[in-house]
$ cat work_35.cif   # mmCIF, C-alpha atoms
data_protein
#
loop_
_atom_site.label_atom_id
_atom_site.label_comp_id
_atom_site.auth_asym_id
_atom_site.auth_seq_id
_atom_site.Cartn_x
_atom_site.Cartn_y
_atom_site.Cartn_z
CA MET A 1 -21.38 76.20 -0.62
CA ASN A 2 -22.22 73.72 2.09
CA THR A 3 -25.99 73.76 2.66
CA GLY A 4 -25.87 71.30 5.55
CA LYS A 5 -28.67 69.25 3.97
CA MET A 6 -26.78 67.17 1.46
CA ILE A 7 -26.46 63.39 1.24
CA LYS A 8 -23.86 62.04 3.63
CA SER A 9 -24.90 58.39 4.03
CA LYS A 10 -25.37 55.43 1.71
CA LYS A 11 -28.73 54.73 3.32
CA HIS A 12 -29.99 58.20 2.43
CA LEU A 13 -28.79 57.86 -1.18
CA THR A 14 -30.27 54.41 -1.73
CA SER A 15 -33.62 55.47 -0.25
CA LEU A 16 -33.79 58.33 -2.76
CA LEU A 17 -32.81 56.17 -5.73
CA GLY A 18 -34.63 53.01 -4.72
CA ILE A 19 -31.63 50.78 -5.34
CA SER A 20 -28.95 49.25 -3.12
CA PHE A 21 -25.45 50.71 -2.93
CA ILE A 22 -24.02 47.34 -3.96
CA GLU A 23 -26.12 47.42 -7.13
CA LEU A 24 -24.91 50.97 -7.85
CA GLU A 25 -21.34 49.77 -7.56
CA ARG A 26 -22.10 46.86 -9.90
CA ILE A 27 -23.43 49.26 -12.50
CA VAL A 28 -20.32 51.43 -12.17
CA SER A 29 -18.07 48.37 -12.57
CA SER A 30 -19.69 47.57 -15.94
CA ILE A 31 -20.41 51.17 -16.98
CA ASP A 32 -19.41 50.60 -20.63
CA THR A 33 -22.48 48.42 -21.17
CA TYR A 34 -24.80 51.27 -20.22
CA TYR A 35 -23.63 53.79 -22.83
CA TYR A 36 -23.60 53.73 -26.61
CA ARG A 37 -21.89 56.01 -29.09
CA LYS A 38 -23.94 58.16 -31.45
CA ASP A 39 -22.36 60.45 -34.03
CA GLU A 40 -24.44 63.23 -35.54
CA ILE A 41 -23.65 65.95 -38.05
CA LYS A 42 -23.49 69.45 -36.63
CA THR A 43 -25.87 71.82 -38.41
CA PHE A 44 -26.81 75.46 -38.46
CA LYS A 45 -30.34 76.44 -37.37
CA ASN A 46 -31.57 76.16 -40.97
CA GLY A 47 -30.39 72.55 -41.13
CA THR A 48 -27.33 73.18 -43.30
CA PRO A 49 -24.36 71.01 -42.22
CA LYS A 50 -21.37 72.72 -40.62
CA LEU A 51 -18.14 71.94 -42.46
CA ASP A 52 -14.55 71.71 -41.28
CA ARG A 53 -11.57 73.27 -43.07
CA LYS A 54 -11.40 70.33 -45.48
CA GLY A 55 -15.07 70.66 -46.40
CA ASN A 56 -16.19 67.59 -44.46
CA PRO A 57 -19.25 67.69 -42.19
CA ARG A 58 -18.40 68.39 -38.56
CA ILE A 59 -19.41 65.58 -36.23
CA ARG A 60 -20.71 65.75 -32.66
CA THR A 61 -20.17 62.58 -30.64
CA LEU A 62 -22.87 61.73 -28.12
CA TYR A 63 -22.85 59.07 -25.43
CA PRO A 64 -26.50 58.52 -24.45
CA SER A 65 -27.10 56.24 -21.49
CA ARG A 66 -29.52 53.32 -21.53
CA GLY A 67 -31.17 50.66 -19.41
CA LYS A 68 -30.92 50.73 -15.64
CA LEU A 69 -28.30 53.51 -15.63
CA LYS A 70 -30.59 55.84 -17.57
CA LEU A 71 -33.40 55.20 -15.08
CA ILE A 72 -31.05 55.87 -12.16
CA GLN A 73 -29.78 59.06 -13.79
CA LYS A 74 -33.34 60.32 -14.13
CA LYS A 75 -33.82 59.74 -10.39
CA ILE A 76 -30.50 61.46 -9.61
CA LYS A 77 -31.62 64.42 -11.70
CA GLY A 78 -35.07 64.71 -10.10
CA ALA A 79 -34.36 63.75 -6.50
CA ILE A 80 -30.90 65.26 -6.04
CA LEU A 81 -29.41 67.54 -8.71
CA SER A 82 -32.52 69.62 -9.47
CA LYS A 83 -32.81 70.50 -5.78
CA LEU A 84 -29.30 71.93 -5.39
CA PRO A 85 -29.02 75.74 -5.30
CA LEU A 86 -27.39 77.51 -8.23
CA GLU A 87 -26.32 81.08 -8.93
CA ASP A 88 -29.08 83.34 -10.27
CA CYS A 89 -27.14 83.71 -13.52
CA VAL A 90 -27.75 80.06 -14.50
CA PHE A 91 -30.67 79.58 -16.91
CA GLY A 92 -30.09 76.35 -18.86
CA GLY A 93 -31.53 73.22 -17.27
CA VAL A 94 -33.23 75.16 -14.47
CA ARG A 95 -36.94 74.66 -13.82
CA GLY A 96 -38.95 77.80 -14.56
CA LYS A 97 -36.18 79.35 -16.68
CA ASP A 98 -35.67 79.25 -20.44
CA ASN A 99 -33.88 80.92 -23.35
CA ILE A 100 -36.46 83.72 -23.49
CA GLY A 101 -35.94 84.64 -19.85
CA ASN A 102 -32.20 84.45 -20.49
CA GLY A 103 -32.47 87.00 -23.29
CA LYS A 104 -34.82 89.21 -21.32
CA LYS A 105 -32.15 89.78 -18.66
CA HIS A 106 -30.15 91.73 -21.26
CA LYS A 107 -33.01 93.76 -22.78
CA GLY A 108 -32.26 97.47 -22.90
CA LYS A 109 -28.51 97.04 -22.27
CA LYS A 110 -26.40 98.81 -24.90
CA TYR A 111 -23.09 96.99 -24.39
CA LYS A 112 -22.84 93.21 -24.63
CA PHE A 113 -20.15 90.56 -24.56
CA LEU A 114 -21.16 87.15 -25.91
CA THR A 115 -19.14 83.96 -25.77
CA ASP A 116 -19.60 80.22 -26.05
CA LEU A 117 -17.78 77.61 -23.98
CA LYS A 118 -16.06 75.36 -26.52
CA ASP A 119 -16.60 71.56 -26.33
CA PHE A 120 -18.70 72.18 -23.24
CA PHE A 121 -19.61 68.70 -21.95
CA PRO A 122 -16.30 67.01 -22.91
CA SER A 123 -14.43 69.80 -21.09
CA ILE A 124 -16.05 69.04 -17.74
CA ARG A 125 -13.94 66.40 -16.01
CA PRO A 126 -14.94 63.99 -13.25
CA LYS A 127 -12.62 65.73 -10.77
CA MET A 128 -14.59 68.98 -11.32
CA VAL A 129 -17.85 67.17 -10.60
CA TYR A 130 -16.45 65.45 -7.50
CA LYS A 131 -14.95 68.67 -6.13
CA ALA A 132 -18.24 70.53 -6.65
CA LEU A 133 -20.30 67.84 -4.91
CA ILE A 134 -17.93 67.95 -1.93
CA SER A 135 -18.33 71.74 -1.80
CA TYR A 136 -22.11 71.26 -1.68
CA GLY A 137 -21.70 69.10 1.42
CA PHE A 138 -21.87 65.55 0.07
CA SER A 139 -19.67 63.01 1.85
CA PRO A 140 -16.66 61.72 -0.14
CA ASP A 141 -18.12 58.25 -0.81
CA ILE A 142 -21.44 59.68 -2.00
CA ALA A 143 -19.72 62.33 -4.12
CA SER A 144 -17.56 59.60 -5.63
CA ILE A 145 -20.42 57.27 -6.62
CA LEU A 146 -22.51 60.15 -8.02
CA THR A 147 -19.55 61.31 -10.07
CA LYS A 148 -19.07 57.80 -11.48
CA LEU A 149 -22.78 57.55 -12.31
CA THR A 150 -22.86 60.87 -14.18
CA THR A 151 -19.52 60.96 -16.04
CA TYR A 152 -18.05 58.69 -18.71
CA LYS A 153 -14.74 58.54 -20.57
CA ASN A 154 -13.31 61.32 -18.39
CA GLN A 155 -16.09 63.77 -19.31
CA VAL A 156 -19.74 64.56 -18.85
CA PRO A 157 -21.47 62.44 -21.54
CA GLN A 158 -23.59 64.50 -23.89
CA GLY A 159 -26.97 62.80 -24.23
CA ALA A 160 -27.44 61.53 -20.67
CA PRO A 161 -30.39 62.83 -18.54
CA THR A 162 -28.06 64.24 -15.88
CA SER A 163 -25.56 66.00 -18.12
CA THR A 164 -26.86 69.57 -18.09
CA HIS A 165 -27.63 69.45 -14.36
CA ILE A 166 -24.31 67.93 -13.33
CA SER A 167 -22.50 70.47 -15.54
CA ASN A 168 -24.26 73.29 -13.71
CA ILE A 169 -23.09 71.80 -10.42
CA ALA A 170 -19.52 71.39 -11.70
CA LEU A 171 -19.42 75.05 -12.76
CA SER A 172 -20.98 76.43 -9.58
CA GLU A 173 -17.69 77.91 -8.40
CA LEU A 174 -17.06 79.57 -11.78
CA ASP A 175 -20.60 80.98 -11.81
CA GLU A 176 -20.08 82.35 -8.31
CA GLU A 177 -16.76 84.02 -9.18
CA ILE A 178 -18.05 85.51 -12.42
CA SER A 179 -21.20 86.79 -10.71
CA SER A 180 -19.01 88.51 -8.12
CA ILE A 181 -16.88 90.23 -10.78
CA CYS A 182 -19.95 91.34 -12.72
CA SER A 183 -21.71 92.65 -9.62
CA LYS A 184 -18.66 94.79 -8.84
CA HIS A 185 -18.72 96.35 -12.32
CA GLY A 186 -22.49 96.70 -12.77
CA ILE A 187 -22.65 93.95 -15.40
CA THR A 188 -25.54 91.54 -15.92
CA VAL A 189 -24.41 87.96 -16.61
CA THR A 190 -26.27 84.83 -17.63
CA ARG A 191 -25.17 81.34 -18.60
CA TYR A 192 -27.45 79.13 -20.66
CA VAL A 193 -25.57 75.80 -20.70
CA ASP A 194 -22.52 76.79 -22.81
CA ASP A 195 -23.71 80.25 -23.90
CA MET A 196 -22.47 83.08 -21.68
CA THR A 197 -23.78 86.62 -22.06
CA PHE A 198 -22.69 89.82 -20.32
CA SER A 199 -24.34 93.21 -20.68
CA ALA A 200 -24.30 96.69 -19.15
CA ASP A 201 -25.45 100.25 -19.69
CA GLN A 202 -21.83 101.42 -19.86
CA CYS A 203 -18.80 100.16 -21.78
CA PHE A 204 -17.02 97.30 -19.98
CA LYS A 205 -14.65 96.07 -22.69
CA GLU A 206 -11.66 96.12 -20.36
CA VAL A 207 -13.45 93.80 -17.92
CA THR A 208 -13.90 91.16 -20.64
CA PHE A 209 -10.20 90.27 -20.37
CA GLU A 210 -10.66 89.53 -16.68
CA ILE A 211 -13.71 87.41 -17.51
CA ILE A 212 -11.84 85.44 -20.18
CA ASP A 213 -8.91 84.80 -17.84
CA LEU A 214 -11.28 83.48 -15.18
CA ILE A 215 -12.96 81.09 -17.63
CA LYS A 216 -9.56 79.80 -18.75
CA LYS A 217 -8.60 79.25 -15.12
CA TYR A 218 -11.20 76.49 -15.07
CA ASN A 219 -9.61 74.88 -18.15
CA LEU A 220 -12.54 75.87 -20.34
CA GLY A 221 -12.00 77.10 -23.88
CA LEU A 222 -13.92 79.71 -25.83
CA SER A 223 -15.31 79.45 -29.34
CA HIS A 224 -13.63 82.34 -31.13
CA LYS A 225 -16.32 82.43 -33.84
CA LYS A 226 -19.01 82.94 -31.20
CA THR A 227 -17.10 85.40 -29.01
CA GLY A 228 -17.47 89.11 -29.49
CA TYR A 229 -18.19 92.52 -27.98
CA VAL A 230 -21.37 94.09 -29.35
CA ILE A 231 -22.86 97.55 -29.13
CA GLY A 232 -26.61 97.56 -29.68
CA SER A 233 -28.95 94.72 -30.63
CA ALA A 234 -27.71 91.14 -30.54
CA PRO A 235 -29.08 87.58 -30.78
CA ILE A 236 -28.92 85.91 -27.37
CA THR A 237 -29.83 82.21 -27.05
CA GLY A 238 -32.07 82.43 -30.10
CA VAL A 239 -33.78 85.70 -29.15
CA TRP A 240 -32.99 89.13 -30.56
CA THR A 241 -32.46 91.49 -27.65
CA ARG A 242 -33.14 95.11 -28.50
CA ASN A 243 -33.43 98.33 -26.52
CA ASN A 244 -37.05 98.01 -25.42
CA ASN A 245 -38.21 94.63 -26.69
CA LEU A 246 -37.35 91.07 -27.62
CA ASP A 247 -37.83 89.67 -31.12
CA VAL A 248 -37.43 86.43 -33.08
CA SER A 249 -35.08 85.81 -35.99
CA ASP A 250 -35.86 86.88 -39.55
CA ASN A 251 -35.96 83.19 -40.48
CA MET A 252 -38.81 82.55 -38.04
CA LYS A 253 -40.65 85.67 -39.19
CA TYR A 254 -40.44 84.39 -42.75
CA LYS A 255 -41.97 81.07 -41.72
CA LEU A 256 -44.78 82.82 -39.86
CA THR A 257 -45.60 85.04 -42.86
CA HIS A 258 -45.40 82.12 -45.33
CA PRO A 259 -47.03 79.31 -43.32
CA GLU A 260 -48.20 77.43 -46.42
CA ARG A 261 -44.59 76.46 -47.18
CA PHE A 262 -43.92 74.72 -43.87
CA ASN A 263 -45.18 72.00 -41.54
CA GLN A 264 -48.39 73.28 -39.96
CA ASN A 265 -47.73 71.70 -36.55
CA GLN A 266 -44.38 73.47 -36.39
CA ILE A 267 -45.96 76.76 -37.45
CA ARG A 268 -48.56 76.54 -34.66
CA GLY A 269 -45.82 75.95 -32.12
CA GLN A 270 -43.74 78.82 -33.50
CA ARG A 271 -46.71 81.20 -33.32
CA VAL A 272 -47.05 80.43 -29.62
CA TYR A 273 -43.31 80.89 -29.17
CA TYR A 274 -43.39 84.19 -31.08
CA GLN A 275 -46.12 85.57 -28.82
CA ARG A 276 -44.11 84.58 -25.73
CA VAL A 277 -41.03 86.37 -27.05
CA ILE A 278 -42.67 89.67 -28.06
CA SER A 279 -44.67 89.83 -24.82
CA SER A 280 -41.57 89.37 -22.62
#

$ encode --input "work_35.cif" --output "structure tokens"
Amino acid sequence: MNTGKMIKSKKHLTSLLGISFIELERIVSSIDTYYYRKDEIKTFKNGTPKLDRKGNPRIRTLYPSRGKLKLIQKKIKGAILSKLPLEDCVFGGVRGKDNIGNGKKHKGKKYKFLTDLKDFFPSIRPKMVYKALISYGFSPDIASILTKLTTYKNQVPQGAPTSTHISNIALSELDEEISSICSKHGITVTRYVDDMTFSADQCFKEVTFEIIDLIKKYNLGLSHKKTGYVIGSAPITGVWTRNNNLDVSDNMKYKLTHPERFNQNQIRGQRVYYQRVISS
């Protein structure tokens, strides 16, 4: 995936980021001071906590960045990562694309296979990021420093500005391989961060085993609770995808028909969202 226009020199990188290479290396050498740990309880969409087998709330550990590193990551995201080409199937973290457009790709398709990449950000290792940047045409030293500036504790840190974008880059080879398989079998595929959806007009259940094997080849796990083969309507990235239209959840419909019970600012925003969904 070498575009021939990637960053190959330190001078080019530092001009884009507005900081010297020596300073970048200093930040990397004291990287622990630029992240903090934040634990939050996992919840369902209605706000109810998710519980583990022992009945305790399930915790998601975030590592947001701060200070100078956070500012640099924002520049890396805007000046570098957001400009790299991705497969058409990628929707999350891509300018001009959203969850509604993701769902729309599967409208009218009778057969669907839905899955969720388990522990998404922690599963993406620095070596995956580095390898992907090299494949895009970055020189080894630039790929190395960018990897160190966008990964932490041997993973992509959830909560940093670059995390979704660098994850898309790290999975570019997977996206390319899956798109190739799906094209061969007449299957539509989309990936919205960790949500993967496949759909077709004809049954493709046998192909799902090939898809699962490919995902596992990249050392990515699947959430068994969120993996399934569906015939007919299905919720895809928060949007109900039916034969000829898109729709919102029953929970949102309830809020819209009983606005007096909810925050009015939220209701106004949800009305706008509802109109976008049903008109797609």

$ resolve_selection --input "work_35.cif" --expression "the PyMOL selection byres ((chain A and resi 3-18) around 6)" --output "ChimeraX atom specification"
/A:2,19-20,75,137-139

$ closest_atom_pairs --input "work_35.cif" --of "region 146-218 of chain A" --to "region 50-61 of chain A" --cutoff "12 Å" --atoms "all atoms listed in the file" --output "tab-separated table"
residue	atom	partner	partner_atom	distance
A:Val156	CA	A:Thr61	CA	12.0
A:Pro157	CA	A:Thr61	CA	9.2
A:Gln158	CA	A:Thr61	CA	7.8
A:Gly159	CA	A:Thr61	CA	9.3

$ atom_distance --input "work_35.cif" --atom1 "CA of Val239 (chain A)" --atom2 "CA of Leu114 (chain A)"
13.1 Å

$ resolve_selection --input "work_35.cif" --expression "the PyMOL selection byres ((chain A and resi 195) around 8)" --output "PyMOL selection string"
chain A and resi 114-117+191-194+196-197+237

$ resolve_selection --input "work_35.cif" --expression "the PyMOL selection byres ((chain A and resi 88-94) around 10)" --output "count of residues only"
38

$ closest_atom_pairs --input "work_35.cif" --of "region 59-128 of chain A" --to "region 218-235 of chain A" --cutoff "9 Å" --atoms "all atoms listed in the file" --output "JSON lines"
{"residue": "A:Gly103", "atom": "CA", "partner": "A:Pro235", "partner_atom": "CA", "distance": 8.2}
{"residue": "A:Lys107", "atom": "CA", "partner": "A:Ser233", "partner_atom": "CA", "distance": 8.9}
{"residue": "A:Gly108", "atom": "CA", "partner": "A:Gly232", "partner_atom": "CA", "distance": 8.8}
{"residue": "A:Lys109", "atom": "CA", "partner": "A:Gly232", "partner_atom": "CA", "distance": 7.7}
{"residue": "A:Lys110", "atom": "CA", "partner": "A:Gly232", "partner_atom": "CA", "distance": 4.9}
{"residue": "A:Tyr111", "atom": "CA", "partner": "A:Ile231", "partner_atom": "CA", "distance": 4.8}
{"residue": "A:Lys112", "atom": "CA", "partner": "A:Val230", "partner_atom": "CA", "distance": 5.0}
{"residue": "A:Phe113", "atom": "CA", "partner": "A:Tyr229", "partner_atom": "CA", "distance": 4.4}
{"residue": "A:Leu114", "atom": "CA", "partner": "A:Thr227", "partner_atom": "CA", "distance": 5.4}
{"residue": "A:Thr115", "atom": "CA", "partner": "A:Thr227", "partner_atom": "CA", "distance": 4.1}
{"residue": "A:Asp116", "atom": "CA", "partner": "A:Ser223", "partner_atom": "CA", "distance": 5.5}
{"residue": "A:Leu117", "atom": "CA", "partner": "A:Leu222", "partner_atom": "CA", "distance": 4.8}
{"residue": "A:Lys118", "atom": "CA", "partner": "A:Leu222", "partner_atom": "CA", "distance": 4.9}
{"residue": "A:Asp119", "atom": "CA", "partner": "A:Gly221", "partner_atom": "CA", "distance": 7.6}
{"residue": "A:Phe120", "atom": "CA", "partner": "A:Leu220", "partner_atom": "CA", "distance": 7.7}
{"residue": "A:Ser123", "atom": "CA", "partner": "A:Leu220", "partner_atom": "CA", "distance": 6.4}
{"residue": "A:Ile124", "atom": "CA", "partner": "A:Leu220", "partner_atom": "CA", "distance": 8.1}

$ atom_distance --input "work_35.cif" --atom1 "CA of Ile142 (chain A)" --atom2 "CA of Asn154 (chain A)"
18.4 Å

$ residues_near_point --input "work_35.cif" --point "(-25.9, 52.2, -12.1)" --cutoff "8 Å" --atoms "all atoms listed in the file" --output "MDAnalysis selection string"
chainID A and resid 23:28 31 68:69 72 149

$ write_last_selection --input "work_35.cif" --atoms "C-alpha atoms" --output "short mmCIF file (atom, residue, chain, number, x, y, z; two decimals), in the frame of the given file"
data_model
loop_
_atom_site.label_atom_id
_atom_site.label_comp_id
_atom_site.auth_asym_id
_atom_site.auth_seq_id
_atom_site.Cartn_x
_atom_site.Cartn_y
_atom_site.Cartn_z
CA GLU A 23 -26.12 47.42 -7.13
CA LEU A 24 -24.91 50.97 -7.85
CA GLU A 25 -21.34 49.77 -7.56
CA ARG A 26 -22.10 46.86 -9.90
CA ILE A 27 -23.43 49.26 -12.50
CA VAL A 28 -20.32 51.43 -12.17
CA ILE A 31 -20.41 51.17 -16.98
CA LYS A 68 -30.92 50.73 -15.64
CA LEU A 69 -28.30 53.51 -15.63
CA ILE A 72 -31.05 55.87 -12.16
CA LEU A 149 -22.78 57.55 -12.31
#

$ closest_residue --input "work_35.cif" --among "A:Ile134, A:Ala170, A:Leu84, A:Cys203" --to "Phe121 (chain A)" --atoms "only C-alpha atoms"
A:Ala170

$ atom_distance --input "work_35.cif" --atom1 "CA of Gly186 (chain A)" --atom2 "CA of Phe209 (chain A)"
15.8 Å

$ closest_residue --input "work_35.cif" --among "A:Thr257, A:His106, A:Ser180, A:Tyr63" --to "Asp201 (chain A)" --atoms "only C-alpha atoms"
A:His106

$ closest_residue --input "work_35.cif" --among "A:Gln270, A:Ser144, A:Thr43, A:Gln155" --to "Pro126 (chain A)" --atoms "all atoms listed in the file"
A:Gln155

$ build_atoms --input "work_35.cif" --residues "region 180-195 of chain A" --atoms "N, CA, C and O atoms" --output "PDB file, in the coordinates of the input"
ATOM      1  N   SER A 180     -19.630  87.538  -9.020  1.00  0.00           N
ATOM      2  CA  SER A 180     -19.010  88.510  -8.120  1.00  0.00           C
ATOM      3  C   SER A 180     -18.318  89.622  -8.903  1.00  0.00           C
ATOM      4  O   SER A 180     -18.458  90.812  -8.591  1.00  0.00           O
ATOM      5  N   ILE A 181     -17.561  89.235  -9.944  1.00  0.00           N
ATOM      6  CA  ILE A 181     -16.880  90.230 -10.780  1.00  0.00           C
ATOM      7  C   ILE A 181     -17.899  91.156 -11.455  1.00  0.00           C
ATOM      8  O   ILE A 181     -17.747  92.381 -11.464  1.00  0.00           O
ATOM      9  N   CYS A 182     -18.942  90.556 -12.000  1.00  0.00           N
ATOM     10  CA  CYS A 182     -19.950  91.340 -12.720  1.00  0.00           C
ATOM     11  C   CYS A 182     -20.712  92.274 -11.787  1.00  0.00           C
ATOM     12  O   CYS A 182     -21.016  93.420 -12.158  1.00  0.00           O
ATOM     13  N   SER A 183     -21.004  91.813 -10.597  1.00  0.00           N
ATOM     14  CA  SER A 183     -21.710  92.650  -9.620  1.00  0.00           C
ATOM     15  C   SER A 183     -20.863  93.881  -9.280  1.00  0.00           C
ATOM     16  O   SER A 183     -21.384  95.004  -9.158  1.00  0.00           O
ATOM     17  N   LYS A 184     -19.580  93.695  -9.175  1.00  0.00           N
ATOM     18  CA  LYS A 184     -18.660  94.790  -8.840  1.00  0.00           C
ATOM     19  C   LYS A 184     -18.625  95.848  -9.940  1.00  0.00           C
ATOM     20  O   LYS A 184     -18.439  97.035  -9.665  1.00  0.00           O
ATOM     21  N   HIS A 185     -18.825  95.426 -11.192  1.00  0.00           N
ATOM     22  CA  HIS A 185     -18.720  96.350 -12.320  1.00  0.00           C
ATOM     23  C   HIS A 185     -20.091  96.740 -12.913  1.00  0.00           C
ATOM     24  O   HIS A 185     -20.141  97.377 -13.971  1.00  0.00           O
ATOM     25  N   GLY A 186     -21.171  96.346 -12.269  1.00  0.00           N
ATOM     26  CA  GLY A 186     -22.490  96.700 -12.770  1.00  0.00           C
ATOM     27  C   GLY A 186     -22.864  95.989 -14.059  1.00  0.00           C
ATOM     28  O   GLY A 186     -23.556  96.536 -14.917  1.00  0.00           O
ATOM     29  N   ILE A 187     -22.411  94.739 -14.188  1.00  0.00           N
ATOM     30  CA  ILE A 187     -22.650  93.950 -15.400  1.00  0.00           C
ATOM     31  C   ILE A 187     -23.664  92.850 -15.108  1.00  0.00           C
ATOM     32  O   ILE A 187     -23.580  92.180 -14.082  1.00  0.00           O
ATOM     33  N   THR A 188     -24.599  92.656 -16.021  1.00  0.00           N
ATOM     34  CA  THR A 188     -25.540  91.540 -15.920  1.00  0.00           C
ATOM     35  C   THR A 188     -24.941  90.340 -16.638  1.00  0.00           C
ATOM     36  O   THR A 188     -24.441  90.464 -17.757  1.00  0.00           O
ATOM     37  N   VAL A 189     -24.963  89.170 -16.002  1.00  0.00           N
ATOM     38  CA  VAL A 189     -24.410  87.960 -16.610  1.00  0.00           C
ATOM     39  C   VAL A 189     -25.428  86.831 -16.552  1.00  0.00           C
ATOM     40  O   VAL A 189     -26.169  86.691 -15.571  1.00  0.00           O
ATOM     41  N   THR A 190     -25.475  86.053 -17.624  1.00  0.00           N
ATOM     42  CA  THR A 190     -26.270  84.830 -17.630  1.00  0.00           C
ATOM     43  C   THR A 190     -25.482  83.733 -18.323  1.00  0.00           C
ATOM     44  O   THR A 190     -24.656  84.001 -19.195  1.00  0.00           O
ATOM     45  N   ARG A 191     -25.752  82.501 -17.906  1.00  0.00           N
ATOM     46  CA  ARG A 191     -25.170  81.340 -18.600  1.00  0.00           C
ATOM     47  C   ARG A 191     -26.293  80.374 -18.923  1.00  0.00           C
ATOM     48  O   ARG A 191     -27.004  79.914 -18.043  1.00  0.00           O
ATOM     49  N   TYR A 192     -26.449  80.092 -20.203  1.00  0.00           N
ATOM     50  CA  TYR A 192     -27.450  79.130 -20.660  1.00  0.00           C
ATOM     51  C   TYR A 192     -26.686  77.936 -21.240  1.00  0.00           C
ATOM     52  O   TYR A 192     -26.293  77.937 -22.391  1.00  0.00           O
ATOM     53  N   VAL A 193     -26.416  76.960 -20.397  1.00  0.00           N
ATOM     54  CA  VAL A 193     -25.570  75.800 -20.700  1.00  0.00           C
ATOM     55  C   VAL A 193     -24.185  76.307 -21.096  1.00  0.00           C
ATOM     56  O   VAL A 193     -23.413  76.716 -20.246  1.00  0.00           O
ATOM     57  N   ASP A 194     -23.855  76.345 -22.398  1.00  0.00           N
ATOM     58  CA  ASP A 194     -22.520  76.790 -22.810  1.00  0.00           C
ATOM     59  C   ASP A 194     -22.487  78.214 -23.336  1.00  0.00           C
ATOM     60  O   ASP A 194     -21.423  78.736 -23.668  1.00  0.00           O
ATOM     61  N   ASP A 195     -23.646  78.859 -23.429  1.00  0.00           N
ATOM     62  CA  ASP A 195     -23.710  80.250 -23.900  1.00  0.00           C
ATOM     63  C   ASP A 195     -23.623  81.204 -22.716  1.00  0.00           C
ATOM     64  O   ASP A 195     -24.468  81.168 -21.816  1.00  0.00           O
TER      65      ASP A 195
END
